[in-house]
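Raw contents of target-v3.pdb, PDB, C-alpha atoms and all ligand atoms:
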ATOM      1  CA  MET N 340      22.237  -1.429   3.892
ATOM      2  CA  LYS N 341      20.909   2.038   3.115
ATOM      3  CA  PRO N 342      18.640   1.954   0.056
ATOM      4  CA  GLU N 343      17.791   5.018  -1.984
ATOM      5  CA  PHE N 344      14.140   5.882  -2.469
ATOM      6  CA  THR N 345      12.259   7.245  -5.456
ATOM      7  CA  SER N 346       8.630   8.029  -6.159
ATOM      8  CA  ASP N 347       9.180   8.111  -9.917
ATOM      9  CA  PHE N 348       7.945   4.952 -11.625
ATOM     10  CA  ALA N 349       8.248   6.225 -15.215
ATOM     11  CA  GLY N 350      10.321   3.713 -17.177
ATOM     12  CA  ARG N 351      10.318   1.239 -14.266
ATOM     13  CA  GLU N 352       6.785  -0.159 -14.747
ATOM     14  CA  ALA N 353       7.881  -3.577 -16.015
ATOM     15  CA  GLU N 354      10.529  -3.992 -13.295
ATOM     16  CA  ILE N 355       8.061  -3.063 -10.531
ATOM     17  CA  THR N 356       5.314  -5.293 -11.948
ATOM     18  CA  ARG N 357       7.748  -8.234 -12.103
ATOM     19  CA  LEU N 358       8.914  -7.631  -8.532
ATOM     20  CA  CYS N 359       5.309  -7.690  -7.242
ATOM     21  CA  THR N 360       4.472 -10.797  -9.286
ATOM     22  CA  ASP N 361       7.573 -12.697  -8.170
ATOM     23  CA  SER N 362       7.388 -11.688  -4.516
ATOM     24  CA  PHE N 363       3.737 -12.732  -4.096
ATOM     25  CA  THR N 364       4.241 -15.881  -6.185
ATOM     26  CA  VAL N 365       6.944 -17.029  -3.759
ATOM     27  CA  SER N 366       5.116 -15.963  -0.576
ATOM     28  CA  ASP N 367       1.643 -17.108  -1.663
ATOM     29  CA  SER N 368       0.868 -18.651  -5.071
ATOM     30  CA  VAL N 369       1.210 -18.195  -8.817
ATOM     31  CA  GLU N 370      -2.375 -16.916  -8.950
ATOM     32  CA  GLU N 371      -1.773 -14.348  -6.179
ATOM     33  CA  GLY N 372       1.441 -13.249  -7.916
ATOM     34  CA  ARG N 373      -0.439 -12.720 -11.171
ATOM     35  CA  LEU N 374      -3.202 -10.788  -9.403
ATOM     36  CA  VAL N 375      -0.864  -8.481  -7.473
ATOM     37  CA  GLY N 376       1.394  -7.925 -10.498
ATOM     38  CA  GLN N 377      -1.687  -6.898 -12.484
ATOM     39  CA  LEU N 378      -2.730  -4.577  -9.653
ATOM     40  CA  ALA N 379       0.678  -2.854  -9.647
ATOM     41  CA  ARG N 380       0.533  -2.477 -13.440
ATOM     42  CA  ASP N 381      -3.003  -1.051 -13.350
ATOM     43  CA  LEU N 382      -2.046   1.411 -10.610
ATOM     44  CA  MET N 383       0.857   2.702 -12.711
ATOM     45  CA  GLN N 384      -0.793   2.593 -16.152
ATOM     46  CA  SER N 385      -4.496   3.291 -15.771
ATOM     47  CA  THR N 386      -5.047   5.180 -12.512
ATOM     48  CA  PRO N 387      -5.434   8.972 -12.559
ATOM     49  CA  ARG N 388      -1.983  10.367 -11.652
ATOM     50  CA  ASP N 389      -3.392  12.381  -8.763
ATOM     51  CA  ASP N 390      -4.839   9.223  -7.179
ATOM     52  CA  VAL N 391      -1.686   7.110  -6.941
ATOM     53  CA  ILE N 392       1.670   7.411  -5.183
ATOM     54  CA  MET N 393       4.421   4.822  -5.419
ATOM     55  CA  TRP N 394       7.684   4.604  -3.513
ATOM     56  CA  ALA N 395      10.452   2.252  -4.588
ATOM     57  CA  ALA N 396      13.641   1.279  -2.759
ATOM     58  CA  LEU N 397      16.666   1.098  -5.049
ATOM     59  CA  GLU N 398      19.977  -0.683  -4.729
ATOM     60  CA  ASN N 399      22.478   0.033  -7.523
ATOM     61  CA  SER N 400      19.582   1.568  -9.489
ATOM     62  CA  LYS N 401      17.586  -1.695  -9.310
ATOM     63  CA  VAL N 402      14.191  -1.817  -7.593
ATOM     64  CA  ILE N 403      14.319  -4.052  -4.512
ATOM     65  CA  GLY N 404      10.994  -3.054  -2.961
ATOM     66  CA  CYS N 405       7.902  -0.963  -3.584
ATOM     67  CA  VAL N 406       4.819   0.377  -1.872
ATOM     68  CA  PHE N 407       1.711   1.858  -3.489
ATOM     69  CA  PHE N 408      -0.843   4.271  -2.059
ATOM     70  CA  SER N 409      -4.095   4.981  -3.909
ATOM     71  CA  ARG N 410      -6.922   7.340  -3.116
ATOM     72  CA  LEU N 411      -9.930   6.135  -1.168
ATOM     73  CA  ARG N 412     -12.989   8.394  -1.303
ATOM     74  CA  PHE N 413     -15.596   8.516   1.440
ATOM     75  CA  ASP N 414     -18.994   9.809   0.273
ATOM     76  CA  GLU N 415     -19.717  11.862   3.359
ATOM     77  CA  ASP N 416     -16.236  12.773   4.555
ATOM     78  CA  GLY N 417     -14.072  15.350   2.812
ATOM     79  CA  ARG N 418     -10.824  14.327   4.490
ATOM     80  CA  ALA N 419      -7.978  12.920   2.359
ATOM     81  CA  VAL N 420      -7.522   9.155   2.653
ATOM     82  CA  PHE N 421      -5.131   6.780   0.873
ATOM     83  CA  LEU N 422      -5.073   2.993   0.852
ATOM     84  CA  MET N 423      -1.667   1.308   1.047
ATOM     85  CA  ALA N 424      -1.439  -1.727  -1.308
ATOM     86  CA  PRO N 425       0.506  -3.589  -2.438
ATOM     87  CA  VAL N 426       3.754  -3.691  -0.469
ATOM     88  CA  ALA N 427       6.429  -6.006  -1.834
ATOM     89  CA  VAL N 428      10.127  -6.571  -1.202
ATOM     90  CA  LYS N 429      12.280  -8.697  -3.497
ATOM     91  CA  THR N 430      12.548 -12.166  -1.976
ATOM     92  CA  GLU N 431      16.337 -12.083  -1.527
ATOM     93  CA  HIS N 432      16.137  -8.682   0.244
ATOM     94  CA  GLN N 433      13.409  -9.547   2.748
ATOM     95  CA  ASN N 434      13.743  -9.325   6.539
ATOM     96  CA  ILE N 435      16.441  -6.650   6.594
ATOM     97  CA  GLY N 436      14.111  -3.713   7.216
ATOM     98  CA  ILE N 437      13.426  -2.586   3.629
ATOM     99  CA  GLY N 438       9.632  -2.974   3.933
ATOM    100  CA  GLN N 439       9.410  -0.923   7.117
ATOM    101  CA  LYS N 440      11.731   1.798   5.736
ATOM    102  CA  LEU N 441       9.646   2.021   2.544
ATOM    103  CA  ILE N 442       6.382   2.318   4.464
ATOM    104  CA  ALA N 443       7.880   4.941   6.810
ATOM    105  CA  ARG N 444       9.046   6.938   3.795
ATOM    106  CA  GLY N 445       5.615   6.697   2.191
ATOM    107  CA  LEU N 446       3.802   7.774   5.364
ATOM    108  CA  GLU N 447       6.146  10.744   5.855
ATOM    109  CA  ASN N 448       5.373  11.830   2.295
ATOM    110  CA  LEU N 449       1.601  11.475   2.823
ATOM    111  CA  ARG N 450       1.888  13.742   5.890
ATOM    112  CA  GLN N 451       3.750  16.323   3.790
ATOM    113  CA  ARG N 452       0.852  16.181   1.325
ATOM    114  CA  ASP N 453      -1.632  16.791   4.185
ATOM    115  CA  VAL N 454      -3.275  13.400   3.804
ATOM    116  CA  ASP N 455      -5.430  12.721   6.869
ATOM    117  CA  PHE N 456      -5.658   8.915   7.093
ATOM    118  CA  VAL N 457      -4.008   5.837   5.617
ATOM    119  CA  LEU N 458      -5.705   2.452   5.559
ATOM    120  CA  THR N 459      -4.504  -0.966   4.466
ATOM    121  CA  TYR N 460      -5.623  -4.577   4.237
ATOM    122  CA  GLY N 461      -3.069  -7.180   5.232
ATOM    123  CA  ASP N 462      -1.325  -9.035   8.027
ATOM    124  CA  PRO N 463      -1.760  -7.067  11.294
ATOM    125  CA  ASN N 464       1.340  -8.741  12.766
ATOM    126  CA  TYR N 465       3.467  -7.013  10.148
ATOM    127  CA  TYR N 466       1.721  -3.674   9.708
ATOM    128  CA  ILE N 467       1.490  -3.018  13.439
ATOM    129  CA  LYS N 468       5.274  -2.410  13.207
ATOM    130  CA  THR N 469       4.533   0.775  11.232
ATOM    131  CA  SER N 470       1.726   2.033  13.538
ATOM    132  CA  PHE N 471      -1.300   0.535  11.767
ATOM    133  CA  GLN N 472      -4.030  -0.658  14.095
ATOM    134  CA  PRO N 473      -6.969  -2.968  13.467
ATOM    135  CA  ILE N 474     -10.100  -0.946  12.614
ATOM    136  CA  SER N 475     -13.766  -1.885  12.289
ATOM    137  CA  ALA N 476     -16.183  -1.191   9.444
ATOM    138  CA  ASP N 477     -17.822   1.352  11.779
ATOM    139  CA  MET N 478     -14.553   3.313  11.904
ATOM    140  CA  ALA N 479     -14.067   3.186   8.100
ATOM    141  CA  SER N 480     -16.293   1.292   5.723
ATOM    142  CA  PRO N 481     -14.217  -0.932   3.377
ATOM    143  CA  PRO N 482     -14.845  -0.348  -0.350
ATOM    144  CA  MET N 483     -15.431  -4.062  -1.008
ATOM    145  CA  GLY N 484     -16.516  -7.053   1.100
ATOM    146  CA  LEU N 485     -13.588  -8.363   3.183
ATOM    147  CA  ARG N 486     -12.856 -12.083   3.408
ATOM    148  CA  MET N 487     -10.532 -11.374   6.358
ATOM    149  CA  PRO N 488     -11.977  -8.448   8.357
ATOM    150  CA  PHE N 489      -9.147  -8.745  10.911
ATOM    151  CA  GLY N 490      -6.809  -7.514   8.142
ATOM    152  CA  TRP N 491      -8.595  -4.139   7.884
ATOM    153  CA  LEU N 492      -6.129  -1.635   9.377
ATOM    154  CA  GLY N 493      -5.601   2.082   9.543
ATOM    155  CA  GLN N 494      -3.987   5.076  11.190
ATOM    156  CA  PRO N 495      -4.658   8.800  11.351
ATOM    157  CA  LEU N 496      -1.645  10.774  10.099
ATOM    158  CA  SER N 497      -2.088  13.503  12.676
ATOM    159  CA  PRO N 498      -3.466  13.394  16.227
ATOM    160  CA  LYS N 499      -6.147  15.931  15.255
ATOM    161  CA  ASN N 500      -7.840  13.414  12.941
ATOM    162  CA  ASN N 501     -10.592  11.496  14.666
ATOM    163  CA  TRP N 502     -12.398   8.345  13.598
ATOM    164  CA  PRO N 503     -14.819   7.533  12.097
ATOM    165  CA  LEU N 504     -14.509   8.181   8.393
ATOM    166  CA  VAL N 505     -18.104   8.815   7.396
ATOM    167  CA  GLY N 506     -20.094   7.140   4.649
ATOM    168  CA  PRO N 507     -19.435   4.392   2.088
ATOM    169  CA  SER N 508     -15.968   4.364   0.492
ATOM    170  CA  HIS N 509     -14.783   3.966  -3.100
ATOM    171  CA  CYS N 510     -11.369   2.699  -4.195
ATOM    172  CA  VAL N 511      -9.673   3.288  -7.553
ATOM    173  CA  ALA N 512     -10.722   1.014 -10.449
ATOM    174  CA  ALA N 513      -7.526  -1.066 -10.215
ATOM    175  CA  LEU N 514      -8.645  -2.289  -6.781
ATOM    176  CA  GLN N 515     -12.265  -2.954  -7.695
ATOM    177  CA  LYS N 516     -11.804  -6.726  -7.929
ATOM    178  CA  ALA N 517     -13.461  -8.965  -5.334
ATOM    179  CA  GLU N 518     -10.506 -11.404  -5.402
ATOM    180  CA  LEU N 519      -8.170  -8.710  -4.011
ATOM    181  CA  TRP N 520     -10.296  -8.353  -0.877
TER
HETATM  182  C1  LIG E   1       5.811  -8.532   3.868
HETATM  183  C2  LIG E   1       7.034  -7.795   3.309
HETATM  184  C3  LIG E   1       6.593  -6.589   2.516
HETATM  185  C4  LIG E   1       7.884  -7.355   4.514
HETATM  186  O1  LIG E   1       9.010  -6.627   4.052
HETATM  187  P1  LIG E   1      10.465  -6.956   4.638
HETATM  188  O2  LIG E   1      11.394  -5.940   4.135
HETATM  189  O3  LIG E   1      10.763  -8.385   4.325
HETATM  190  O4  LIG E   1      10.195  -6.847   6.212
HETATM  191  P2  LIG E   1      11.046  -5.981   7.275
HETATM  192  O5  LIG E   1      12.464  -6.341   7.153
HETATM  193  O6  LIG E   1      10.638  -4.571   7.172
HETATM  194  O7  LIG E   1      10.439  -6.539   8.624
HETATM  195  C5  LIG E   1      10.814  -7.820   9.081
HETATM  196  C6  LIG E   1       9.943  -8.217  10.240
HETATM  197  O8  LIG E   1       8.588  -8.378   9.779
HETATM  198  C7  LIG E   1       8.169  -9.718   9.954
HETATM  199  N1  LIG E   1       7.350 -10.090   8.820
HETATM  200  C8  LIG E   1       7.716 -10.110   7.522
HETATM  201  N2  LIG E   1       6.662 -10.491   6.761
HETATM  202  C9  LIG E   1       5.634 -10.706   7.601
HETATM  203  C10 LIG E   1       4.287 -11.122   7.413
HETATM  204  N3  LIG E   1       3.758 -11.390   6.206
HETATM  205  N4  LIG E   1       3.525 -11.255   8.538
HETATM  206  C11 LIG E   1       4.011 -10.973   9.756
HETATM  207  N5  LIG E   1       5.283 -10.573   9.996
HETATM  208  C12 LIG E   1       6.080 -10.449   8.926
HETATM  209  C13 LIG E   1       9.466 -10.513  10.041
HETATM  210  O9  LIG E   1       9.239 -11.723  10.745
HETATM  211  C14 LIG E   1      10.357  -9.558  10.813
HETATM  212  O10 LIG E   1       9.998  -9.549  12.182
HETATM  213  P3  LIG E   1      11.075  -9.206  13.348
HETATM  214  O11 LIG E   1      11.625  -7.836  13.029
HETATM  215  O12 LIG E   1      10.243  -9.208  14.580
HETATM  216  O13 LIG E   1      12.095 -10.268  13.236
HETATM  217  C15 LIG E   1       7.924  -8.724   2.435
HETATM  218  O14 LIG E   1       8.362  -9.792   3.205
HETATM  219  C16 LIG E   1       7.217  -9.227   1.197
HETATM  220  O15 LIG E   1       7.278  -8.602   0.152
HETATM  221  N6  LIG E   1       6.560 -10.387   1.299
HETATM  222  C17 LIG E   1       5.866 -10.962   0.161
HETATM  223  C18 LIG E   1       4.689 -10.139  -0.271
HETATM  224  C19 LIG E   1       3.752  -9.843   0.886
HETATM  225  O16 LIG E   1       3.386 -10.750   1.638
HETATM  226  N7  LIG E   1       3.362  -8.551   1.026
HETATM  227  C20 LIG E   1       2.525  -8.074   2.110
HETATM  228  C21 LIG E   1       1.167  -8.634   2.095
HETATM  229  S1  LIG E   1       0.251  -8.287   3.565
END
Turn this file's structure into C-alpha cells for me.
Amino acid sequence: MKPEFTSDFAGREAEITRLCTDSFTVSDSVEEGRLVGQLARDLMQSTPRDDVIMWAALENSKVIGCVFFSRLRFDEDGRAVFLMAPVAVKTEHQNIGIGQKLIARGLENLRQRDVDFVLTYGDPNYYIKTSFQPISADMASPPMGLRMPFGWLGQPLSPKNNWPLVGPSHCVAALQKAELW
C-alpha cells in the first residue's frame, strides 16, 4: 500500500489525537494512551507553530499514522535540533511499513529545513531501522530525567554534524512532564 503524506494537521486534530490515544492504549495501557493523546493535542494546539512539525500518513483521506517533531534547544549550541515523539500507527495498519515510511518522510523534510540533529526516546530495536543510534547524556543532555536511558537515541542529519550537542537542553512545554520520560 502506498499512503499519501501530509504535514497539515489543521482540522485533523481530533482524529490525530484519537489515533495516538487508541494506538498507545492497545500497545501499552489506558493511562499511556491518555498521556500520549494529550501530548499530541498539546503539540498541535499550544506549541509555537515554528517549534512543531507533524507528518500524517493518509489512506482514503483518513489518518492511519502520524509522527511529531518538536524543537529541542541546547543552551550552548546554536545548531537546530528536533525531538521525534510521538510516533503512532493505527493498530490495524501496523507492521506493513507505515511507521518507517512516515519517519523517513519526516527526516527528509528536516534535512530540507537544514535541521542538524534529530533525537528520540523509545525502543532502540525499532528506531535503529531508521538510522537512530543509542546516545549518551554526554553526547546530548536529555531535557528531563530518563527512566530508561537506553531509549535515548539520535542521529546527525548530515555527516558534517559532530557530537556532542553542548549544554543543557530544553523541550517544548507539551513535553515537560516527568511521566513522559
Ligand atoms: C511502533 C510503531 C510506530 C511501528 O510502526 P509500524 O508501521 O507498525 O512498523 P513498521 O511496519 O514500520 O515496522 C515493522 C517492524 O518493526 C518492528 N516493530 C514494530 N514495533 C516495534 C517496537 N515497539 N519495538 C521493536 N520493534 C518493533 C516489527 O516487529 C517489524 O519488524 P520486522 O520488519 O523486522 O518484521 C507502531 O507499531 C505503533 O504505533 N505502535 C504503538 C505505539 C508505539 O509503541 N509507538 C512507539 C513508541 S517507542
Pick out the residues sitting within 10 Å of Leu519 in chain N, and hand them over as a ChimeraX atom specification; count all atoms listed in the file, and ignore anything fewer than 5 positions along from it in its own chain.
-> /N:371,374-375,378,460,483-486,513-514
Selection as a ChimeraX atom specification: residues within 9 Å of ligand LIG 1 (chain E) by all atoms listed in the file | /N:358-359,361-367,372,404-406,424-442,459-466,468,490
Please save C-alpha atoms of the selected residues as a short mmCIF file (atom, residue, chain, number, x, y, z; two decimals), keeping the file's coordinate frame.
data_model
loop_
_atom_site.label_atom_id
_atom_site.label_comp_id
_atom_site.auth_asym_id
_atom_site.auth_seq_id
_atom_site.Cartn_x
_atom_site.Cartn_y
_atom_site.Cartn_z
CA LEU N 358 8.91 -7.63 -8.53
CA CYS N 359 5.31 -7.69 -7.24
CA ASP N 361 7.57 -12.70 -8.17
CA SER N 362 7.39 -11.69 -4.52
CA PHE N 363 3.74 -12.73 -4.10
CA THR N 364 4.24 -15.88 -6.18
CA VAL N 365 6.94 -17.03 -3.76
CA SER N 366 5.12 -15.96 -0.58
CA ASP N 367 1.64 -17.11 -1.66
CA GLY N 372 1.44 -13.25 -7.92
CA GLY N 404 10.99 -3.05 -2.96
CA CYS N 405 7.90 -0.96 -3.58
CA VAL N 406 4.82 0.38 -1.87
CA ALA N 424 -1.44 -1.73 -1.31
CA PRO N 425 0.51 -3.59 -2.44
CA VAL N 426 3.75 -3.69 -0.47
CA ALA N 427 6.43 -6.01 -1.83
CA VAL N 428 10.13 -6.57 -1.20
CA LYS N 429 12.28 -8.70 -3.50
CA THR N 430 12.55 -12.17 -1.98
CA GLU N 431 16.34 -12.08 -1.53
CA HIS N 432 16.14 -8.68 0.24
CA GLN N 433 13.41 -9.55 2.75
CA ASN N 434 13.74 -9.32 6.54
CA ILE N 435 16.44 -6.65 6.59
CA GLY N 436 14.11 -3.71 7.22
CA ILE N 437 13.43 -2.59 3.63
CA GLY N 438 9.63 -2.97 3.93
CA GLN N 439 9.41 -0.92 7.12
CA LYS N 440 11.73 1.80 5.74
CA LEU N 441 9.65 2.02 2.54
CA ILE N 442 6.38 2.32 4.46
CA THR N 459 -4.50 -0.97 4.47
CA TYR N 460 -5.62 -4.58 4.24
CA GLY N 461 -3.07 -7.18 5.23
CA ASP N 462 -1.32 -9.04 8.03
CA PRO N 463 -1.76 -7.07 11.29
CA ASN N 464 1.34 -8.74 12.77
CA TYR N 465 3.47 -7.01 10.15
CA TYR N 466 1.72 -3.67 9.71
CA LYS N 468 5.27 -2.41 13.21
CA GLY N 490 -6.81 -7.51 8.14
#
So that all listed atoms of range 492-497 of chain N fit with 6 Å spare on each side, what axis-aligned box centre and edge lengths in Å, to one decimal, would you give as JSON?
{"center_x": -3.9, "center_y": 5.9, "center_z": 11.0, "size_x": 16.5, "size_y": 27.1, "size_z": 15.3}
Near-Ser385 in chain N list (10 Å; all atoms listed in the file; drop same-chain fewer than 5 positions) as a list in words = Arg380, Val511, Ala512 and Ala513 of chain N
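Applied to the file shown here, the PyMOL selection byres (((chain N and resi 352) around 10) and not hetatm) selects the residues Asp347, Phe348, Ala349, Gly350, Arg351, Ala353, Glu354, Ile355, Thr356, Arg357, Leu358, Ala379, Arg380, Asp381, Leu382, Met383 and Gln384 of chain N.
From CA of Asp414 in chain N back to CA of Glu518 in chain N, the distance works out to 23.5 Å.
For the choices N:Leu422, N:Thr469, N:His509, N:Ser475, the atom-to-atom distance to Glu447 in chain N is smallest for N:Thr469 when using only C-alpha atoms.
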Provide the CA of Ser409 in chain N to CA of Pro387 in chain N distance in Å, to one decimal place.
->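 Rounded to one decimal, the two atoms are 9.6 Å apart.
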Distance of CA of Val369 in chain N from CA of Gln472 in chain N, expressed in Å to one decimal place = 29.3 Å
Hey, what comes out of the PyMOL selection byres (((chain N and resi 412) around 7) and not hetatm) on this file? Could you write it as a list in words?
->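 This file, filtered by the PyMOL selection byres (((chain N and resi 412) around 7) and not hetatm), leaves Arg410, Leu411, Phe413, Asp414, Val420, Ser508, His509 and Cys510 of chain N.
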Name the residues that the PyMOL selection byres (((chain N and resi 396) around 7) and not hetatm) picks from the file above, as a PyMOL selection string, using the file's chain letters and numbers.
-> chain N and resi 342-345+394-395+397-398+402-405+441
Which residue, N:Asn448, N:Ser346, N:Ser400, N:Ser480, has the smallest gap to Leu496 in chain N when you use only C-alpha atoms?
->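 Between N:Asn448, N:Ser346, N:Ser400, N:Ser480, the residue approaching Leu496 in chain N most closely is N:Asn448.
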Rank nothing, just name the residue among N:Ala517, N:Ala443, N:Ala479, N:Leu492 nearest to Ile467 in chain N, using all atoms listed in the file.
->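 For Ile467 in chain N, the nearest of the given residues is N:Leu492.
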For Phe489 in chain N, the closest of N:Arg418, N:Arg452, N:Val505, N:Trp520 counting all atoms listed in the file is N:Trp520
Determine the nearest neighbour of Gly445 in chain N from the options N:Met478, N:Val457, N:Leu504, N:Ala419, counting all atoms listed in the file.
->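 Closest residue, counting all atoms listed in the file: N:Val457.
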